[in-house]
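Printed here is start-v2.cif (mmCIF, N, CA and C atoms):
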data_final
loop_
_atom_site.label_atom_id
_atom_site.label_comp_id
_atom_site.auth_asym_id
_atom_site.auth_seq_id
_atom_site.Cartn_x
_atom_site.Cartn_y
_atom_site.Cartn_z
N MET R 1 110.52 51.32 65.38
CA MET R 1 110.59 51.35 66.82
C MET R 1 109.40 52.11 67.41
N PHE R 2 109.12 53.31 66.90
CA PHE R 2 107.99 54.10 67.40
C PHE R 2 106.70 53.32 67.25
N ALA R 3 106.48 52.76 66.07
CA ALA R 3 105.25 52.02 65.79
C ALA R 3 105.09 50.85 66.76
N GLU R 4 106.16 50.13 66.99
CA GLU R 4 106.11 48.98 67.91
C GLU R 4 105.77 49.42 69.32
N LYS R 5 106.35 50.53 69.74
CA LYS R 5 106.14 50.99 71.11
C LYS R 5 104.70 51.46 71.33
N ILE R 6 104.15 52.22 70.38
CA ILE R 6 102.78 52.68 70.61
C ILE R 6 101.78 51.53 70.50
N ARG R 7 102.07 50.56 69.67
CA ARG R 7 101.21 49.37 69.59
C ARG R 7 101.25 48.60 70.91
N GLN R 8 102.45 48.43 71.45
CA GLN R 8 102.62 47.73 72.72
C GLN R 8 101.89 48.47 73.85
N LEU R 9 102.06 49.78 73.92
CA LEU R 9 101.40 50.56 74.97
C LEU R 9 99.89 50.46 74.86
N ARG R 10 99.37 50.54 73.65
CA ARG R 10 97.92 50.46 73.45
C ARG R 10 97.38 49.11 73.87
N LYS R 11 98.07 48.06 73.49
CA LYS R 11 97.61 46.71 73.82
C LYS R 11 97.71 46.44 75.32
N GLU R 12 98.75 46.94 75.97
CA GLU R 12 98.89 46.77 77.43
C GLU R 12 97.72 47.40 78.17
N ARG R 13 97.17 48.45 77.60
CA ARG R 13 96.06 49.17 78.24
C ARG R 13 94.70 48.70 77.72
N HIS R 14 94.71 47.71 76.85
CA HIS R 14 93.48 47.13 76.30
C HIS R 14 92.60 48.19 75.63
N LEU R 15 93.22 49.01 74.80
CA LEU R 15 92.53 50.07 74.07
C LEU R 15 92.49 49.74 72.59
N THR R 16 91.51 50.31 71.91
CA THR R 16 91.47 50.17 70.46
C THR R 16 92.21 51.34 69.83
N GLN R 17 92.55 51.19 68.58
CA GLN R 17 93.20 52.29 67.87
C GLN R 17 92.28 53.51 67.83
N ALA R 18 90.98 53.28 67.64
CA ALA R 18 90.02 54.39 67.59
C ALA R 18 89.95 55.14 68.92
N GLN R 19 90.02 54.40 70.03
CA GLN R 19 89.99 55.06 71.34
C GLN R 19 91.20 55.96 71.54
N VAL R 20 92.38 55.45 71.20
CA VAL R 20 93.59 56.25 71.36
C VAL R 20 93.55 57.44 70.41
N ALA R 21 93.16 57.20 69.19
CA ALA R 21 93.09 58.28 68.20
C ALA R 21 92.23 59.43 68.71
N ARG R 22 91.08 59.11 69.25
CA ARG R 22 90.16 60.12 69.77
C ARG R 22 90.82 60.92 70.89
N GLU R 23 91.53 60.23 71.79
CA GLU R 23 92.16 60.88 72.93
C GLU R 23 93.32 61.79 72.53
N VAL R 24 94.02 61.46 71.46
CA VAL R 24 95.20 62.24 71.07
C VAL R 24 94.91 63.18 69.91
N GLY R 25 93.66 63.24 69.46
CA GLY R 25 93.27 64.20 68.44
C GLY R 25 93.62 63.80 67.01
N LEU R 26 93.64 62.51 66.74
CA LEU R 26 93.92 62.02 65.39
C LEU R 26 92.70 61.28 64.87
N SER R 27 92.65 61.11 63.56
CA SER R 27 91.63 60.22 63.00
C SER R 27 92.05 58.79 63.30
N ALA R 28 91.09 57.88 63.26
CA ALA R 28 91.42 56.47 63.49
C ALA R 28 92.44 56.01 62.45
N ARG R 29 92.26 56.43 61.20
CA ARG R 29 93.19 56.06 60.14
C ARG R 29 94.58 56.66 60.40
N GLY R 30 94.61 57.89 60.88
CA GLY R 30 95.89 58.54 61.18
C GLY R 30 96.67 57.80 62.24
N TYR R 31 95.97 57.34 63.28
CA TYR R 31 96.65 56.58 64.32
C TYR R 31 97.08 55.21 63.80
N GLN R 32 96.22 54.58 63.02
CA GLN R 32 96.55 53.29 62.43
C GLN R 32 97.82 53.40 61.58
N ASP R 33 97.91 54.47 60.82
CA ASP R 33 99.10 54.69 59.99
C ASP R 33 100.36 54.77 60.84
N LEU R 34 100.27 55.40 62.00
CA LEU R 34 101.43 55.49 62.89
C LEU R 34 101.85 54.10 63.37
N GLU R 35 100.89 53.27 63.70
CA GLU R 35 101.23 51.91 64.13
C GLU R 35 101.78 51.06 62.98
N LEU R 36 101.52 51.50 61.76
CA LEU R 36 102.04 50.79 60.58
C LEU R 36 103.38 51.35 60.12
N GLY R 37 103.88 52.37 60.81
CA GLY R 37 105.21 52.87 60.50
C GLY R 37 105.32 54.28 59.98
N ALA R 38 104.20 55.00 59.86
CA ALA R 38 104.26 56.40 59.42
C ALA R 38 104.96 57.24 60.49
N LYS R 39 105.64 58.27 60.05
CA LYS R 39 106.32 59.18 60.98
C LYS R 39 105.30 60.13 61.59
N PRO R 40 105.36 60.33 62.90
CA PRO R 40 104.39 61.22 63.56
C PRO R 40 104.72 62.69 63.32
N ARG R 41 103.68 63.51 63.25
CA ARG R 41 103.87 64.96 63.26
C ARG R 41 104.31 65.36 64.67
N TYR R 42 104.94 66.50 64.75
CA TYR R 42 105.47 67.01 66.01
C TYR R 42 104.40 67.05 67.10
N ASP R 43 103.26 67.65 66.80
CA ASP R 43 102.21 67.79 67.81
C ASP R 43 101.61 66.44 68.19
N ALA R 44 101.46 65.54 67.24
CA ALA R 44 100.93 64.21 67.53
C ALA R 44 101.88 63.44 68.45
N LEU R 45 103.16 63.58 68.20
CA LEU R 45 104.16 62.90 69.02
C LEU R 45 104.02 63.30 70.49
N PHE R 46 103.87 64.59 70.75
CA PHE R 46 103.73 65.07 72.13
C PHE R 46 102.41 64.63 72.75
N HIS R 47 101.32 64.65 71.98
CA HIS R 47 100.03 64.21 72.51
C HIS R 47 100.07 62.72 72.87
N ILE R 48 100.70 61.93 72.03
CA ILE R 48 100.79 60.49 72.30
C ILE R 48 101.65 60.22 73.53
N ALA R 49 102.79 60.90 73.63
CA ALA R 49 103.66 60.73 74.81
C ALA R 49 102.93 61.13 76.08
N ASP R 50 102.21 62.24 76.05
CA ASP R 50 101.45 62.67 77.22
C ASP R 50 100.34 61.68 77.56
N PHE R 51 99.64 61.20 76.56
CA PHE R 51 98.55 60.26 76.79
C PHE R 51 99.04 58.99 77.48
N TYR R 52 100.16 58.46 77.01
CA TYR R 52 100.68 57.23 77.59
C TYR R 52 101.56 57.47 78.82
N GLY R 53 101.93 58.73 79.08
CA GLY R 53 102.75 59.04 80.25
C GLY R 53 104.19 58.59 80.10
N VAL R 54 104.72 58.67 78.89
CA VAL R 54 106.09 58.27 78.62
C VAL R 54 106.84 59.43 77.96
N SER R 55 108.16 59.34 77.92
CA SER R 55 108.94 60.40 77.32
C SER R 55 108.97 60.27 75.80
N VAL R 56 109.09 61.41 75.14
CA VAL R 56 109.23 61.44 73.68
C VAL R 56 110.51 60.73 73.27
N ASP R 57 111.57 60.93 74.03
CA ASP R 57 112.84 60.28 73.71
C ASP R 57 112.71 58.76 73.72
N TRP R 58 111.95 58.22 74.68
CA TRP R 58 111.75 56.78 74.73
C TRP R 58 110.93 56.31 73.53
N LEU R 59 109.87 57.04 73.21
CA LEU R 59 109.04 56.67 72.07
C LEU R 59 109.85 56.63 70.78
N MET R 60 110.80 57.55 70.65
CA MET R 60 111.57 57.65 69.42
C MET R 60 112.84 56.80 69.45
N GLY R 61 113.05 56.06 70.52
CA GLY R 61 114.18 55.15 70.59
C GLY R 61 115.50 55.79 70.97
N ARG R 62 115.45 56.98 71.56
CA ARG R 62 116.67 57.69 71.93
C ARG R 62 117.18 57.29 73.32
N THR R 63 116.31 56.64 74.11
CA THR R 63 116.69 56.20 75.44
C THR R 63 115.89 54.94 75.78
N ASP R 64 116.39 54.19 76.74
CA ASP R 64 115.69 53.01 77.21
C ASP R 64 114.79 53.34 78.40
N ASN R 65 114.83 54.57 78.87
CA ASN R 65 114.07 54.99 80.03
C ASN R 65 112.77 55.67 79.60
N PRO R 66 111.62 55.04 79.88
CA PRO R 66 110.36 55.63 79.47
C PRO R 66 109.86 56.76 80.38
N VAL R 67 110.56 57.00 81.48
CA VAL R 67 110.12 57.99 82.47
C VAL R 67 110.28 59.40 81.93
N VAL R 68 109.27 60.21 82.16
CA VAL R 68 109.29 61.60 81.75
C VAL R 68 110.03 62.42 82.80
N ASN R 69 111.00 63.20 82.38
CA ASN R 69 111.73 64.09 83.30
C ASN R 69 111.11 65.47 83.23
N ARG R 70 110.46 65.86 84.31
CA ARG R 70 109.81 67.19 84.33
C ARG R 70 110.40 68.03 85.43
#
In structure tokens, write the structure found in this file.
Amino acid sequence: MFAEKIRQLRKERHLTQAQVAREVGLSARGYQDLELGAKPRYDALFHIADFYGVSVDWLMGRTDNPVVNR
């Protein structure tokens, strides 16, 4: 679920894996691994959620609402 969501978000924004990786502080391979199903580290999860402007709970499949509650 996480991998599918980050792939969808990246493609909707017409970004490459390398571009997103650079923005969230991962190697290109590290980000690619996430899109292939690797589990994200805690800090990477938060950076990715912030970058895309979505909630961590939505990324992890805990809710259908992508809106961040702040």
Exercise for review: From a DSSP calculation on the backbone, collect every residue of chain R in alpha helix (DSSP H) and output the set as a PyMOL selection string.
Suggested key: chain R and resi 2-12+17-24+28-35+42-52+56-59
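Here CA of Ser27 in chain R stands at a distance of 22.5 Å from CA of Ser55 in chain R.
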Padding of 6 Å on every side, edges along x, y and z, all listed atoms of range 26-45 of chain R included: what centre and edge lengths in Å, to one decimal, does that box have, as lines of an AutoDock Vina configuration file?
center_x = 98.7
center_y = 59.3
center_z = 65.0
size_x = 27.2
size_y = 29.0
size_z = 23.1
Practice item. Kindly give the distance, in Å, that separates CA of Leu59 in chain R and atom N of Leu34 in chain R, rounded to a single decimal. Key: 13.4 Å
Review point. Can you tell me, as a ChimeraX atom specification, what residues are no more than 8 Å from range 35-41 of chain R when counting all atoms listed in the file, ignoring any on the same chain fewer than 2 positions away?
Key: /R:1-7,29-33,43-47
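Interatomic distance, atom N of Thr63 in chain R to CA of Lys11 in chain R: 21.2 Å.
Near Pro66 in chain R, within 7 Å and counting only C-alpha atoms, sit R:Val54, R:Ser55, R:Trp58, R:Asp64, R:Val68; same-chain residues fewer than 2 positions away were not included.
Of the residues under consideration (R:Tyr42, R:Val24, R:Tyr52, R:Arg62), R:Tyr52 shows the shortest atom-to-atom contact distance to Gln8 in chain R when counting only C-alpha atoms.
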Kindly write range 22-35 of chain R with all heavy atoms to a file, as a tab-separated table (two decimals), in the first residue's frame.
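Generated output (selection38.tsv):
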chain	number	residue	atom	x	y	z
R	22	ARG	N	16.21	13.08	-3.61
R	22	ARG	CA	17.02	14.25	-3.24
R	22	ARG	C	16.27	15.14	-2.26
R	22	ARG	O	16.82	15.62	-1.27
R	22	ARG	CB	17.40	15.00	-4.51
R	22	ARG	CG	18.54	15.93	-4.39
R	22	ARG	CD	19.05	16.50	-5.72
R	22	ARG	NE	18.10	16.56	-6.82
R	22	ARG	CZ	18.09	15.70	-7.85
R	22	ARG	NH1	18.96	14.71	-7.91
R	22	ARG	NH2	17.20	15.84	-8.83
R	23	GLU	N	14.98	15.37	-2.53
R	23	GLU	CA	14.17	16.25	-1.69
R	23	GLU	C	13.92	15.69	-0.29
R	23	GLU	O	13.75	16.45	0.65
R	23	GLU	CB	12.84	16.55	-2.37
R	23	GLU	CG	12.95	17.40	-3.61
R	23	GLU	CD	13.45	18.80	-3.30
R	23	GLU	OE1	13.05	19.39	-2.28
R	23	GLU	OE2	14.25	19.31	-4.12
R	24	VAL	N	13.84	14.38	-0.17
R	24	VAL	CA	13.52	13.77	1.13
R	24	VAL	C	14.75	13.21	1.84
R	24	VAL	O	14.63	12.62	2.90
R	24	VAL	CB	12.41	12.70	1.01
R	24	VAL	CG1	11.14	13.30	0.47
R	24	VAL	CG2	12.87	11.51	0.18
R	25	GLY	N	15.93	13.41	1.25
R	25	GLY	CA	17.17	13.02	1.92
R	25	GLY	C	17.52	11.54	1.82
R	25	GLY	O	18.16	11.00	2.72
R	26	LEU	N	17.10	10.90	0.74
R	26	LEU	CA	17.43	9.49	0.53
R	26	LEU	C	18.29	9.36	-0.72
R	26	LEU	O	18.31	10.26	-1.57
R	26	LEU	CB	16.15	8.68	0.30
R	26	LEU	CG	15.18	8.56	1.46
R	26	LEU	CD1	13.89	7.89	0.99
R	26	LEU	CD2	15.80	7.77	2.59
R	27	SER	N	18.96	8.23	-0.84
R	27	SER	CA	19.64	7.93	-2.09
R	27	SER	C	18.57	7.55	-3.11
R	27	SER	O	17.46	7.17	-2.75
R	27	SER	CB	20.62	6.77	-1.91
R	27	SER	OG	19.91	5.57	-1.64
R	28	ALA	N	18.92	7.65	-4.38
R	28	ALA	CA	17.97	7.26	-5.42
R	28	ALA	C	17.59	5.79	-5.25
R	28	ALA	O	16.42	5.43	-5.37
R	28	ALA	CB	18.57	7.50	-6.81
R	29	ARG	N	18.57	4.96	-4.92
R	29	ARG	CA	18.30	3.54	-4.71
R	29	ARG	C	17.40	3.33	-3.49
R	29	ARG	O	16.51	2.47	-3.49
R	29	ARG	CB	19.61	2.77	-4.56
R	29	ARG	CG	19.44	1.30	-4.31
R	29	ARG	CD	18.73	0.66	-5.48
R	29	ARG	NE	18.30	-0.67	-5.10
R	29	ARG	CZ	17.96	-1.60	-5.96
R	29	ARG	NH1	17.98	-1.36	-7.24
R	29	ARG	NH2	17.57	-2.77	-5.54
R	30	GLY	N	17.63	4.11	-2.44
R	30	GLY	CA	16.80	3.99	-1.24
R	30	GLY	C	15.35	4.30	-1.52
R	30	GLY	O	14.44	3.61	-1.05
R	31	TYR	N	15.11	5.35	-2.32
R	31	TYR	CA	13.73	5.69	-2.66
R	31	TYR	C	13.13	4.63	-3.58
R	31	TYR	O	11.98	4.24	-3.42
R	31	TYR	CB	13.64	7.08	-3.29
R	31	TYR	CG	12.21	7.50	-3.50
R	31	TYR	CD1	11.47	8.04	-2.47
R	31	TYR	CD2	11.58	7.30	-4.72
R	31	TYR	CE1	10.13	8.38	-2.64
R	31	TYR	CE2	10.25	7.63	-4.91
R	31	TYR	CZ	9.54	8.17	-3.87
R	31	TYR	OH	8.22	8.50	-4.05
R	32	GLN	N	13.92	4.16	-4.52
R	32	GLN	CA	13.45	3.12	-5.44
R	32	GLN	C	13.03	1.88	-4.64
R	32	GLN	O	12.00	1.27	-4.93
R	32	GLN	CB	14.55	2.75	-6.42
R	32	GLN	CG	14.15	1.69	-7.42
R	32	GLN	CD	15.29	1.30	-8.34
R	32	GLN	OE1	16.45	1.27	-7.92
R	32	GLN	NE2	14.97	1.02	-9.58
R	33	ASP	N	13.82	1.52	-3.65
R	33	ASP	CA	13.49	0.37	-2.81
R	33	ASP	C	12.14	0.55	-2.12
R	33	ASP	O	11.36	-0.39	-2.00
R	33	ASP	CB	14.58	0.12	-1.76
R	33	ASP	CG	15.85	-0.46	-2.35
R	33	ASP	OD1	15.82	-0.94	-3.51
R	33	ASP	OD2	16.88	-0.43	-1.65
R	34	LEU	N	11.85	1.77	-1.69
R	34	LEU	CA	10.55	2.03	-1.05
R	34	LEU	C	9.41	1.81	-2.03
R	34	LEU	O	8.38	1.25	-1.66
R	34	LEU	CB	10.51	3.46	-0.49
R	34	LEU	CG	11.42	3.75	0.69
R	34	LEU	CD1	11.34	5.22	1.06
R	34	LEU	CD2	11.09	2.87	1.88
R	35	GLU	N	9.59	2.26	-3.26
R	35	GLU	CA	8.54	2.04	-4.26
R	35	GLU	C	8.40	0.57	-4.64
R	35	GLU	O	7.38	0.17	-5.17
R	35	GLU	CB	8.81	2.89	-5.52
R	35	GLU	CG	8.45	4.34	-5.33
R	35	GLU	CD	8.32	5.11	-6.63
R	35	GLU	OE1	8.38	4.50	-7.72
R	35	GLU	OE2	8.17	6.34	-6.56
